[in-house]
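Reproduced below: run_33.json, with JSON, C-alpha atoms and all ligand atoms.
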```
[["chain", "number", "residue", "atom", "x", "y", "z"],
["J", 1, "MET", "CA", 139.04, -140.76, 12.81],
["J", 2, "ILE", "CA", 139.90, -137.18, 13.81],
["J", 3, "LYS", "CA", 137.61, -134.15, 13.28],
["J", 4, "ASP", "CA", 139.74, -132.17, 10.80],
["J", 5, "ILE", "CA", 142.44, -132.78, 8.19],
["J", 6, "LEU", "CA", 144.55, -129.64, 8.39],
["J", 7, "SER", "CA", 147.78, -131.47, 7.63],
["J", 8, "ILE", "CA", 149.00, -135.04, 7.12],
["J", 9, "LEU", "CA", 150.29, -134.87, 10.70],
["J", 10, "ASP", "CA", 146.65, -135.08, 11.86],
["J", 11, "LEU", "CA", 146.68, -138.69, 10.59],
["J", 12, "THR", "CA", 148.30, -141.89, 11.72],
["J", 13, "ARG", "CA", 149.75, -144.36, 9.25],
["J", 14, "GLU", "CA", 146.67, -146.53, 9.91],
["J", 15, "ASP", "CA", 144.36, -143.59, 9.03],
["J", 16, "MET", "CA", 146.31, -143.01, 5.81],
["J", 17, "ASP", "CA", 146.22, -146.66, 4.83],
["J", 18, "ARG", "CA", 142.49, -146.90, 5.58],
["J", 19, "LEU", "CA", 141.77, -143.84, 3.39],
["J", 20, "ILE", "CA", 143.91, -145.22, 0.54],
["J", 21, "GLU", "CA", 142.28, -148.63, 0.74],
["J", 22, "ARG", "CA", 138.80, -147.13, 0.81],
["J", 23, "ALA", "CA", 139.53, -144.73, -2.08],
["J", 24, "ILE", "CA", 140.74, -147.66, -4.20],
["J", 25, "GLU", "CA", 137.58, -149.58, -3.31],
["J", 26, "LEU", "CA", 135.32, -146.61, -4.14],
["J", 27, "LYS", "CA", 137.11, -146.21, -7.47],
["J", 28, "LYS", "CA", 136.62, -149.89, -8.26],
["J", 29, "ASN", "CA", 132.92, -149.69, -7.35],
["J", 30, "GLN", "CA", 132.44, -146.64, -9.53],
["J", 31, "LYS", "CA", 134.12, -148.28, -12.52],
["J", 32, "ALA", "CA", 132.02, -151.42, -12.01],
["J", 33, "GLY", "CA", 128.84, -149.32, -11.74],
["J", 34, "THR", "CA", 128.10, -150.70, -8.28],
["J", 35, "SER", "CA", 128.35, -147.51, -6.19],
["J", 36, "MET", "CA", 124.66, -147.23, -5.39],
["J", 37, "LYS", "CA", 124.89, -146.13, -1.76],
["J", 38, "LYS", "CA", 124.44, -142.44, -0.96],
["J", 39, "PRO", "CA", 125.98, -142.17, 2.52],
["J", 40, "LEU", "CA", 126.04, -138.36, 2.56],
["J", 41, "GLU", "CA", 122.45, -137.79, 1.49],
["J", 42, "GLY", "CA", 121.14, -134.58, 3.08],
["J", 43, "LYS", "CA", 124.66, -133.34, 3.92],
["J", 44, "THR", "CA", 126.30, -130.18, 2.62],
["J", 45, "LEU", "CA", 129.99, -129.46, 2.04],
["J", 46, "GLY", "CA", 131.13, -125.83, 1.87],
["J", 47, "LEU", "CA", 134.13, -125.03, -0.33],
["J", 48, "LEU", "CA", 135.68, -121.77, 0.82],
["J", 49, "PHE", "CA", 138.34, -120.92, -1.77],
["J", 50, "ASP", "CA", 140.62, -117.86, -1.78],
["J", 51, "LYS", "CA", 142.86, -119.20, -4.57],
["J", 52, "HIS", "CA", 142.30, -120.64, -8.04],
["J", 53, "SER", "CA", 141.52, -124.33, -8.47],
["J", 54, "THR", "CA", 140.39, -126.72, -11.17],
["J", 55, "ARG", "CA", 141.05, -130.21, -9.81],
["J", 56, "THR", "CA", 140.53, -129.77, -6.08],
["J", 57, "ARG", "CA", 137.31, -127.81, -6.36],
["J", 58, "LEU", "CA", 135.74, -130.01, -9.04],
["J", 59, "SER", "CA", 136.86, -133.29, -7.51],
["J", 60, "PHE", "CA", 135.42, -132.32, -4.11],
["J", 61, "GLU", "CA", 132.20, -131.18, -5.81],
["J", 62, "ALA", "CA", 131.91, -134.38, -7.84],
["J", 63, "ALA", "CA", 132.81, -136.50, -4.80],
["J", 64, "MET", "CA", 130.06, -134.86, -2.76],
["J", 65, "VAL", "CA", 127.43, -135.31, -5.48],
["J", 66, "GLN", "CA", 128.39, -138.96, -6.00],
["J", 67, "LEU", "CA", 128.01, -139.60, -2.27],
["J", 68, "GLY", "CA", 124.52, -138.10, -2.34],
["J", 69, "GLY", "CA", 125.40, -134.75, -0.76],
["J", 70, "VAL", "CA", 125.51, -131.17, -1.98],
["J", 71, "PRO", "CA", 128.62, -128.98, -2.47],
["J", 72, "VAL", "CA", 128.35, -125.21, -2.00],
["J", 73, "TYR", "CA", 131.14, -123.02, -3.40],
["J", 74, "ILE", "CA", 131.87, -119.99, -1.25],
["J", 75, "SER", "CA", 134.00, -117.15, -2.54],
["J", 76, "SER", "CA", 135.39, -115.08, 0.33],
["J", 77, "ALA", "CA", 135.15, -111.96, -1.83],
["J", 78, "THR", "CA", 131.35, -111.99, -1.90],
["J", 79, "THR", "CA", 130.82, -112.82, 1.76],
["J", 80, "GLN", "CA", 131.23, -110.80, 4.96],
["J", 81, "ILE", "CA", 134.63, -112.51, 5.31],
["J", 82, "ALA", "CA", 135.95, -109.90, 2.85],
["J", 83, "ARG", "CA", 134.60, -107.22, 5.21],
["J", 84, "ASN", "CA", 136.58, -108.65, 8.14],
["J", 85, "GLU", "CA", 133.95, -110.60, 10.05],
["J", 86, "PRO", "CA", 136.08, -112.51, 12.58],
["J", 87, "VAL", "CA", 136.87, -116.14, 11.77],
["J", 88, "ARG", "CA", 135.49, -117.31, 15.08],
["J", 89, "ASP", "CA", 132.09, -115.82, 14.18],
["J", 90, "THR", "CA", 132.06, -117.02, 10.55],
["J", 91, "ALA", "CA", 133.18, -120.51, 11.56],
["J", 92, "ARG", "CA", 130.45, -120.87, 14.19],
["J", 93, "VAL", "CA", 127.72, -119.58, 11.86],
["J", 94, "ILE", "CA", 128.83, -121.77, 8.95],
["J", 95, "SER", "CA", 128.80, -124.78, 11.30],
["J", 96, "ARG", "CA", 125.05, -124.28, 11.74],
["J", 97, "TYR", "CA", 124.35, -124.56, 8.00],
["J", 98, "LEU", "CA", 126.95, -126.95, 6.66],
["J", 99, "ASP", "CA", 128.25, -130.40, 7.60],
["J", 100, "ALA", "CA", 131.90, -129.90, 6.57],
["J", 101, "LEU", "CA", 134.10, -127.16, 5.16],
["J", 102, "ALA", "CA", 137.00, -127.51, 2.71],
["J", 103, "ILE", "CA", 139.22, -124.42, 2.65],
["J", 104, "ARG", "CA", 141.83, -123.28, 0.12],
["J", 105, "THR", "CA", 143.63, -120.20, 1.37],
["J", 106, "TYR", "CA", 147.05, -118.65, 1.92],
["J", 107, "SER", "CA", 147.65, -118.91, 5.64],
["J", 108, "GLN", "CA", 147.81, -122.23, 7.51],
["J", 109, "GLU", "CA", 147.14, -120.26, 10.72],
["J", 110, "LEU", "CA", 143.86, -118.98, 9.29],
["J", 111, "LEU", "CA", 142.87, -122.54, 8.37],
["J", 112, "GLU", "CA", 143.73, -123.67, 11.89],
["J", 113, "GLN", "CA", 141.51, -120.93, 13.32],
["J", 114, "TYR", "CA", 138.62, -122.33, 11.29],
["J", 115, "GLY", "CA", 139.46, -125.77, 12.62],
["J", 116, "ALA", "CA", 139.45, -124.47, 16.19],
["J", 117, "HIS", "CA", 136.17, -122.54, 15.95],
["J", 118, "ALA", "CA", 134.07, -124.69, 13.60],
["J", 119, "ASP", "CA", 132.03, -127.55, 15.07],
["J", 120, "ILE", "CA", 132.12, -129.32, 11.69],
["J", 121, "PRO", "CA", 135.10, -131.07, 10.02],
["J", 122, "VAL", "CA", 137.51, -128.65, 8.34],
["J", 123, "ILE", "CA", 139.62, -129.94, 5.44],
["J", 124, "ASN", "CA", 142.77, -128.34, 4.04],
["J", 125, "ALA", "CA", 142.26, -127.96, 0.28],
["J", 126, "LEU", "CA", 145.70, -126.21, 0.03],
["J", 127, "THR", "CA", 147.47, -123.50, 1.96],
["J", 128, "ASP", "CA", 150.86, -121.89, 1.41],
["J", 129, "LEU", "CA", 152.26, -124.44, 3.87],
["J", 130, "TYR", "CA", 150.52, -127.73, 3.03],
["J", 131, "HIS", "CA", 148.43, -129.65, 0.47],
["J", 132, "PRO", "CA", 147.56, -132.84, 2.42],
["J", 133, "CYS", "CA", 144.63, -134.18, 0.38],
["J", 134, "GLN", "CA", 146.76, -134.01, -2.77],
["J", 135, "VAL", "CA", 149.51, -136.10, -1.21],
["J", 136, "LEU", "CA", 146.95, -138.64, 0.06],
["J", 137, "SER", "CA", 145.65, -139.14, -3.48],
["J", 138, "ASP", "CA", 149.25, -139.26, -4.75],
["J", 139, "LEU", "CA", 149.99, -142.05, -2.28],
["J", 140, "MET", "CA", 146.89, -143.85, -3.53],
["J", 141, "THR", "CA", 148.33, -143.56, -7.07],
["J", 142, "ILE", "CA", 151.63, -145.01, -5.84],
["J", 143, "VAL", "CA", 149.86, -147.91, -4.12],
["J", 144, "GLU", "CA", 147.86, -148.64, -7.31],
["J", 145, "ASN", "CA", 151.00, -148.65, -9.44],
["J", 146, "LYS", "CA", 153.50, -150.22, -7.06],
["J", 147, "GLY", "CA", 151.31, -152.27, -4.72],
["J", 148, "SER", "CA", 152.54, -150.39, -1.63],
["J", 149, "TYR", "CA", 154.68, -147.43, -0.66],
["J", 150, "ASP", "CA", 156.67, -149.55, 1.80],
["J", 151, "GLY", "CA", 160.32, -149.83, 0.86],
["J", 152, "LEU", "CA", 160.03, -147.27, -1.94],
["J", 153, "THR", "CA", 162.18, -144.22, -2.51],
["J", 154, "VAL", "CA", 160.26, -141.09, -3.46],
["J", 155, "ALA", "CA", 162.22, -138.18, -4.94],
["J", 156, "TRP", "CA", 161.06, -134.56, -4.81],
["J", 157, "LEU", "CA", 162.62, -132.12, -7.27],
["J", 158, "GLY", "CA", 162.37, -128.34, -7.25],
["J", 159, "ASP", "CA", 160.65, -125.96, -4.88],
["J", 160, "GLY", "CA", 160.47, -126.67, -1.14],
["J", 161, "ASN", "CA", 156.83, -125.61, -1.24],
["J", 162, "ASN", "CA", 153.44, -126.69, 0.19],
["J", 163, "MET", "CA", 153.55, -129.98, -1.73],
["J", 164, "ALA", "CA", 157.11, -130.71, -0.58],
["J", 165, "HIS", "CA", 156.02, -130.03, 3.02],
["J", 166, "SER", "CA", 153.12, -132.47, 2.77],
["J", 167, "TRP", "CA", 155.45, -135.09, 1.28],
["J", 168, "ILE", "CA", 157.82, -134.54, 4.22],
["J", 169, "ASN", "CA", 154.90, -135.02, 6.62],
["J", 170, "ALA", "CA", 153.76, -138.15, 4.78],
["J", 171, "ALA", "CA", 157.24, -139.69, 4.78],
["J", 172, "SER", "CA", 157.53, -139.08, 8.51],
["J", 173, "VAL", "CA", 154.15, -140.69, 9.25],
["J", 174, "ALA", "CA", 154.35, -143.57, 6.74],
["J", 175, "GLY", "CA", 158.07, -144.28, 6.86],
["J", 176, "PHE", "CA", 158.96, -144.45, 3.16],
["J", 177, "LYS", "CA", 162.26, -142.97, 2.01],
["J", 178, "LEU", "CA", 162.10, -139.37, 0.75],
["J", 179, "MET", "CA", 164.95, -137.68, -1.13],
["J", 180, "LEU", "CA", 164.44, -133.96, -1.75],
["J", 181, "ALA", "CA", 166.59, -131.91, -4.08],
["J", 182, "CYS", "CA", 165.96, -128.18, -3.94],
["J", 183, "PRO", "CA", 168.10, -125.10, -4.58],
["J", 184, "GLU", "CA", 169.24, -123.80, -1.21],
["J", 185, "PRO", "CA", 167.27, -120.52, -1.23],
["J", 186, "TYR", "CA", 164.14, -122.59, -1.78],
["J", 187, "PHE", "CA", 164.70, -125.31, 0.80],
["J", 188, "PRO", "CA", 161.58, -126.53, 2.62],
["J", 189, "ASP", "CA", 160.59, -124.82, 5.85],
["J", 190, "LYS", "CA", 163.09, -125.74, 8.57],
["J", 191, "ALA", "CA", 160.46, -126.29, 11.26],
["J", 192, "VAL", "CA", 158.50, -128.69, 9.01],
["J", 193, "LEU", "CA", 161.67, -130.62, 8.20],
["J", 194, "ASP", "CA", 163.06, -130.69, 11.75],
["J", 195, "LYS", "CA", 159.80, -132.03, 13.14],
["J", 196, "ALA", "CA", 159.72, -134.79, 10.51],
["J", 197, "VAL", "CA", 163.36, -135.75, 10.90],
["J", 198, "ASN", "CA", 162.82, -136.15, 14.65],
["J", 199, "MET", "CA", 160.03, -138.66, 14.10],
["J", 200, "THR", "CA", 161.27, -142.20, 14.64],
["J", 201, "SER", "CA", 160.15, -143.76, 11.37],
["J", 202, "SER", "CA", 161.50, -141.02, 9.14],
["J", 203, "ASP", "CA", 164.11, -141.48, 6.39],
["J", 204, "ILE", "CA", 164.25, -138.03, 4.82],
["J", 205, "THR", "CA", 167.27, -136.50, 3.06],
["J", 206, "LEU", "CA", 167.52, -132.94, 1.79],
["J", 207, "LEU", "CA", 170.07, -132.31, -0.97],
["J", 208, "THR", "CA", 170.87, -129.72, -3.58],
["J", 209, "ASP", "CA", 171.95, -132.32, -6.18],
["J", 210, "PRO", "CA", 169.02, -133.49, -8.36],
["J", 211, "VAL", "CA", 170.96, -136.49, -9.75],
["J", 212, "LYS", "CA", 171.71, -137.84, -6.26],
["J", 213, "ALA", "CA", 168.06, -137.42, -5.28],
["J", 214, "VAL", "CA", 166.68, -139.41, -8.22],
["J", 215, "THR", "CA", 169.34, -142.13, -8.32],
["J", 216, "GLY", "CA", 167.48, -145.42, -7.88],
["J", 217, "ALA", "CA", 164.22, -143.63, -7.01],
["J", 218, "ASP", "CA", 160.91, -145.42, -7.62],
["J", 219, "VAL", "CA", 158.75, -142.29, -7.74],
["J", 220, "ILE", "CA", 159.80, -138.92, -9.14],
["J", 221, "ASN", "CA", 157.76, -135.96, -8.11],
["J", 222, "THR", "CA", 157.79, -132.31, -9.03],
["J", 223, "ASP", "CA", 155.60, -129.21, -9.00],
["J", 224, "VAL", "CA", 155.58, -125.70, -10.46],
["J", 225, "TRP", "CA", 158.58, -123.50, -9.70],
["J", 226, "ALA", "CA", 156.35, -120.58, -8.69],
["J", 227, "SER", "CA", 153.30, -121.48, -6.65],
["J", 228, "MET", "CA", 150.14, -119.40, -6.47],
["J", 229, "GLY", "CA", 151.06, -116.06, -4.94],
["J", 230, "LYS", "CA", 154.67, -116.24, -6.22],
["J", 231, "ASP", "CA", 153.92, -115.73, -9.93],
["J", 232, "ASP", "CA", 155.89, -112.48, -10.13],
["J", 233, "GLU", "CA", 159.06, -114.37, -9.07],
["J", 234, "LEU", "CA", 158.85, -116.85, -11.96],
["J", 235, "GLU", "CA", 161.49, -115.34, -14.27],
["J", 236, "GLU", "CA", 164.07, -115.19, -11.48],
["J", 237, "ARG", "CA", 163.13, -118.68, -10.28],
["J", 238, "LYS", "CA", 163.46, -120.18, -13.77],
["J", 239, "LYS", "CA", 167.22, -119.52, -13.69],
["J", 240, "VAL", "CA", 167.76, -121.10, -10.27],
["J", 241, "PHE", "CA", 165.48, -124.09, -10.83],
["J", 242, "ALA", "CA", 166.66, -125.04, -14.36],
["J", 243, "PRO", "CA", 168.95, -127.89, -13.13],
["J", 244, "TYR", "CA", 165.97, -129.42, -11.29],
["J", 245, "GLN", "CA", 163.86, -129.96, -14.42],
["J", 246, "VAL", "CA", 162.39, -133.47, -14.64],
["J", 247, "ASN", "CA", 163.57, -134.54, -18.09],
["J", 248, "ALA", "CA", 164.65, -137.72, -19.87],
["J", 249, "ASP", "CA", 168.33, -137.25, -18.93],
["J", 250, "LEU", "CA", 167.55, -136.96, -15.24],
["J", 251, "LEU", "CA", 165.21, -139.96, -15.37],
["J", 252, "ASN", "CA", 168.05, -142.12, -16.70],
["J", 253, "HIS", "CA", 169.33, -142.15, -13.11],
["J", 254, "ALA", "CA", 166.04, -143.37, -11.62],
["J", 255, "ASP", "CA", 164.89, -146.99, -11.22],
["J", 256, "GLU", "CA", 163.98, -148.47, -14.60],
["J", 257, "ASN", "CA", 160.37, -148.87, -13.44],
["J", 258, "ALA", "CA", 160.12, -145.41, -11.89],
["J", 259, "ILE", "CA", 156.84, -143.51, -12.23],
["J", 260, "VAL", "CA", 156.49, -139.75, -12.50],
["J", 261, "LEU", "CA", 153.97, -137.72, -10.51],
["J", 262, "HIS", "CA", 152.94, -134.08, -10.84],
["J", 263, "CYS", "CA", 149.97, -132.67, -8.94],
["J", 264, "LEU", "CA", 149.19, -130.34, -11.91],
["J", 265, "PRO", "CA", 148.79, -127.73, -13.24],
["J", 266, "ALA", "CA", 152.14, -128.33, -15.01],
["J", 267, "HIS", "CA", 154.27, -125.79, -16.81],
["J", 268, "ARG", "CA", 155.59, -127.85, -19.70],
["J", 269, "ASP", "CA", 159.30, -127.47, -20.37],
["J", 270, "GLU", "CA", 159.81, -125.61, -17.11],
["J", 271, "GLU", "CA", 159.73, -128.03, -14.14],
["J", 272, "ILE", "CA", 158.92, -131.01, -16.39],
["J", 273, "THR", "CA", 159.42, -131.61, -20.10],
["J", 274, "ASP", "CA", 156.46, -132.24, -22.35],
["J", 275, "GLU", "CA", 158.15, -135.52, -23.31],
["J", 276, "VAL", "CA", 158.18, -136.78, -19.71],
["J", 277, "LEU", "CA", 154.71, -135.49, -18.84],
["J", 278, "GLU", "CA", 153.26, -137.33, -21.85],
["J", 279, "GLY", "CA", 155.70, -140.24, -21.59],
["J", 280, "PHE", "CA", 155.30, -143.85, -20.42],
["J", 281, "ARG", "CA", 156.42, -143.17, -16.83],
["J", 282, "SER", "CA", 153.86, -140.41, -16.28],
["J", 283, "VAL", "CA", 150.78, -141.32, -14.21],
["J", 284, "VAL", "CA", 149.55, -137.74, -13.86],
["J", 285, "TRP", "CA", 146.10, -138.20, -15.41],
["J", 286, "GLU", "CA", 145.34, -141.15, -13.16],
["J", 287, "GLN", "CA", 146.76, -139.10, -10.29],
["J", 288, "ALA", "CA", 144.35, -136.24, -11.09],
["J", 289, "GLU", "CA", 141.39, -138.66, -11.28],
["J", 290, "ASN", "CA", 142.36, -140.19, -7.95],
["J", 291, "LYS", "CA", 141.77, -136.87, -6.20],
["J", 292, "MET", "CA", 138.04, -137.47, -6.61],
["J", 293, "HIS", "CA", 138.17, -141.01, -5.24],
["J", 294, "MET", "CA", 140.36, -139.92, -2.32],
["J", 295, "HIS", "CA", 138.07, -136.99, -1.57],
["J", 296, "LYS", "CA", 135.14, -139.41, -1.43],
["J", 297, "ALA", "CA", 137.02, -141.54, 1.08],
["J", 298, "ILE", "CA", 137.90, -138.44, 3.14],
["J", 299, "LEU", "CA", 134.35, -137.04, 3.10],
["J", 300, "GLU", "CA", 132.88, -140.40, 4.01],
["J", 301, "ALA", "CA", 135.33, -140.79, 6.90],
["J", 302, "LEU", "CA", 134.84, -137.28, 8.29],
["J", 303, "MET", "CA", 131.13, -136.74, 7.59],
["J", 304, "GLY", "CA", 129.68, -140.22, 7.51],
["J", 305, "ARG", "CA", 130.04, -140.74, 11.24],
["H", 1, "LIG", "N1", 146.48, -130.25, -7.93],
["H", 1, "LIG", "C1", 145.62, -129.28, -7.59],
["H", 1, "LIG", "O1", 145.40, -128.99, -6.41],
["H", 1, "LIG", "O2", 145.06, -128.65, -8.65],
["H", 1, "LIG", "P1", 144.08, -127.39, -8.61],
["H", 1, "LIG", "O3", 144.91, -126.20, -8.21],
["H", 1, "LIG", "O4", 143.54, -127.29, -10.00],
["H", 1, "LIG", "O5", 143.01, -127.65, -7.59],
["H", 2, "LIG", "N1", 152.45, -125.63, -5.24],
["H", 2, "LIG", "C1", 151.32, -125.32, -6.09],
["H", 2, "LIG", "C2", 150.33, -126.43, -6.06],
["H", 2, "LIG", "C3", 149.13, -126.23, -6.95],
["H", 2, "LIG", "C4", 148.16, -127.35, -6.87],
["H", 2, "LIG", "C5", 150.67, -124.02, -5.63],
["H", 2, "LIG", "O1", 150.53, -123.82, -4.42],
["H", 2, "LIG", "O2", 150.34, -123.20, -6.49]]
```
Since I need it in another form, could you write the structure as structure tokens?
Ligand code: CP
Ligand code: NVA
Amino acid sequence: MIKDILSILDLTREDMDRLIERAIELKKNQKAGTSMKKPLEGKTLGLLFDKHSTRTRLSFEAAMVQLGGVPVYISSATTQIARNEPVRDTARVISRYLDALAIRTYSQELLEQYGAHADIPVINALTDLYHPCQVLSDLMTIVENKGSYDGLTVAWLGDGNNMAHSWINAASVAGFKLMLACPEPYFPDKAVLDKAVNMTSSDITLLTDPVKAVTGADVINTDVWASMGKDDELEERKKVFAPYQVNADLLNHADENAIVLHCLPAHRDEEITDEVLEGFRSVVWEQAENKMHMHKAILEALMGR
């Protein structure tokens, strides 16, 4: 296993499958009340968060506690980071106290600087560019519901954002079919897409037509129309993104056994209707729970060595 998870591209398909398999096993053990081992006893995970979070923060904290370790939440605003201490200094100092660091911030470059200067594993807990741990737990949810992601068609509707980028990365590493439908001004980053499309196993199509993207799809995926940091663009975005709403009409074009994913938080009746979010195809609550099981598998793999 590699030192850091800064993006899905740090992983091979074998790494991804191993993490999914282990997360499913850890979940099973927890439900059966047989997870007695504390493999991370005496270890500390730092959570350096510059953006809001409910699920990612709490699921990493719970994961760490369940594995016998201790999570420490670090707000940049109250540390010397806010007073411009260089990353290479902060990263080296933090490495002497902690055993791993999960970071949620704006810039992927900043995250990569932490990865380069820290001696401990650095985990991407969301940047403007990627959200890899989310997509790993989403793939776990797909495997639980469908048995495998092999041969499936995953559709992405809406913004070409950090989640879309991590889905593009995952499709290029794992080889499932990905159909993205986004309004042209909000297409995914060209460099992210070009790199993925050039990878041999990739089957990725970018469209503007939401109906074409979901036709026959096994998994329908969406996310907020305005990500953190883009909130002031929401009213303008609502007009452009309206045709991409995941609603009952659109789902009529999907496979009859299609499941619906949303990483949450959801804006009901914007990117997804309340009816679909609460409906029989929705696996979003299971998906949210799976973040904790996947984070346990990730922490065990990176810190348990
Ligand atoms: N899905 C997700 O990352 O949620 P939070 O922003 O609440 O962490
Ligand atoms: N794309 C969203 C994901 C939130 C978990 C955002 O970055 O705000």
For ligand LIG 2 (chain H), list the contacting residues at 8 Å or closer, counting all atoms listed in the file, as a PDB file with C-alpha atoms, in the coordinates of the input.
```pdb
ATOM      1  CA  SER J  53     141.520-124.330  -8.470  1.00  0.00           C
ATOM      2  CA  LEU J 126     145.700-126.210   0.030  1.00  0.00           C
ATOM      3  CA  THR J 127     147.470-123.500   1.960  1.00  0.00           C
ATOM      4  CA  ASP J 128     150.860-121.890   1.410  1.00  0.00           C
ATOM      5  CA  HIS J 131     148.430-129.650   0.470  1.00  0.00           C
ATOM      6  CA  GLN J 134     146.760-134.010  -2.770  1.00  0.00           C
ATOM      7  CA  ASN J 161     156.830-125.610  -1.240  1.00  0.00           C
ATOM      8  CA  ASN J 162     153.440-126.690   0.190  1.00  0.00           C
ATOM      9  CA  MET J 163     153.550-129.980  -1.730  1.00  0.00           C
ATOM     10  CA  ASP J 223     155.600-129.210  -9.000  1.00  0.00           C
ATOM     11  CA  VAL J 224     155.580-125.700 -10.460  1.00  0.00           C
ATOM     12  CA  TRP J 225     158.580-123.500  -9.700  1.00  0.00           C
ATOM     13  CA  ALA J 226     156.350-120.580  -8.690  1.00  0.00           C
ATOM     14  CA  SER J 227     153.300-121.480  -6.650  1.00  0.00           C
ATOM     15  CA  MET J 228     150.140-119.400  -6.470  1.00  0.00           C
ATOM     16  CA  GLY J 229     151.060-116.060  -4.940  1.00  0.00           C
ATOM     17  CA  CYS J 263     149.970-132.670  -8.940  1.00  0.00           C
ATOM     18  CA  LEU J 264     149.190-130.340 -11.910  1.00  0.00           C
ATOM     19  CA  PRO J 265     148.790-127.730 -13.240  1.00  0.00           C
TER      20      PRO J 265
END
```
Leaving out segment 88-95 of chain J and any residue of its chain fewer than 5 positions from it, which residues lie within 7 Å of it when counting all atoms listed in the file, given as a PyMOL selection string? chain J and resi 114+117-120
Site check for ligand LIG 1 (chain H): residues at most 12 Å away, only C-alpha atoms and all ligand atoms, as a ChimeraX atom specification: /J:47,49-61,102-105,124-128,130-138,162-163,222-224,227-228,261-266,284-285,287-292,295
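Picture a line from atom CA of Thr205 of chain J to atom CA of Asp4 of chain J; it runs 28.9 Å.
Coordinates place atom CA of Gly115 of chain J at a distance of 15.6 Å from atom CA of Leu129 of chain J.
Distance check against Ala23 of chain J using all atoms listed in the file: of J:His253, J:Ile272, J:Gly158, J:Leu299, the minimum falls on J:Leu299.
Residues surrounding Tyr244 of chain J within 8 Å are Leu157, Gly158, Ala181, Cys182, Pro210 and Glu271 of chain J [only C-alpha atoms; sequence separation below 4 positions excluded].
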Since we have the selection now, will you write its residues out, keeping C-alpha atoms, as a CSV table (one decimal), in the frame of the given file?
```
chain,number,residue,atom,x,y,z
J,157,LEU,CA,162.6,-132.1,-7.3
J,158,GLY,CA,162.4,-128.3,-7.2
J,181,ALA,CA,166.6,-131.9,-4.1
J,182,CYS,CA,166.0,-128.2,-3.9
J,210,PRO,CA,169.0,-133.5,-8.4
J,271,GLU,CA,159.7,-128.0,-14.1
```
When you look at Arg237 of chain J with a cut-off of 10 Å (counting all atoms listed in the file), what residues show up, excluding the ones that are within fewer than 5 positions of it in the same chain? I need them as a compact mmCIF listing (two decimals) with C-alpha atoms, keeping the file's coordinate frame.
```txt
# COMPACT_ATOMS: atom_id res chain seq x y z
CA ASP J 159 160.65 -125.96 -4.88
CA PRO J 183 168.10 -125.10 -4.58
CA TYR J 186 164.14 -122.59 -1.78
CA TRP J 225 158.58 -123.50 -9.70
CA ALA J 226 156.35 -120.58 -8.69
CA LYS J 230 154.67 -116.24 -6.22
CA ASP J 231 153.92 -115.73 -9.93
CA ASP J 232 155.89 -112.48 -10.13
CA ALA J 242 166.66 -125.04 -14.36
```
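Of the residues listed (J:Gly304, J:Lys239, J:Ala248, J:Ile298), J:Lys239 shows the shortest atom-to-atom separation from Glu270 of chain J; distances use all atoms listed in the file.
A search radius of 10 Å centred on (149.6, -142.6, 9.3), applied to only C-alpha atoms, returns the residues J:Ile8, J:Leu9, J:Asp10, J:Leu11, J:Thr12, J:Arg13, J:Glu14, J:Asp15, J:Met16, J:Asp17, J:Arg18, J:Leu19, J:Asn169, J:Ala170, J:Ala171, J:Ser172, J:Val173, J:Ala174, J:Gly175.
Atom CA of Tyr106 of chain J to atom CA of Ala63 of chain J spans 23.8 Å [interatomic distance, one decimal].
Of the listed residues (J:Phe241, J:Ile20, J:Asn145, J:Glu25), J:Phe241 comes nearest to Pro185 of chain J; the distances count all atoms listed in the file.
Of the listed residues (J:Asn257, J:Gln30, J:Thr273, J:Thr79), J:Asn257 comes nearest to Val219 of chain J; the distances count only C-alpha atoms.
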For each of J:Val240, J:Ala217, J:Ile5, J:Met140, take the minimum atom-to-atom distance to Glu112 of chain J, counting all atoms listed in the file, then give the residue where this is smallest. J:Ile5
I'd like the contact shell of Asp99 of chain J - 6 Å cut-off, all atoms listed in the file, skipping same-chain residues fewer than 2 positions apart - returned as a PDB file with C-alpha atoms, in the coordinates of the input.
```pdb
ATOM      1  CA  LYS J  43     124.660-133.340   3.920  1.00  0.00           C
ATOM      2  CA  THR J  44     126.300-130.180   2.620  1.00  0.00           C
ATOM      3  CA  LEU J  45     129.990-129.460   2.040  1.00  0.00           C
ATOM      4  CA  ILE J 120     132.120-129.320  11.690  1.00  0.00           C
TER       5      ILE J 120
END
```
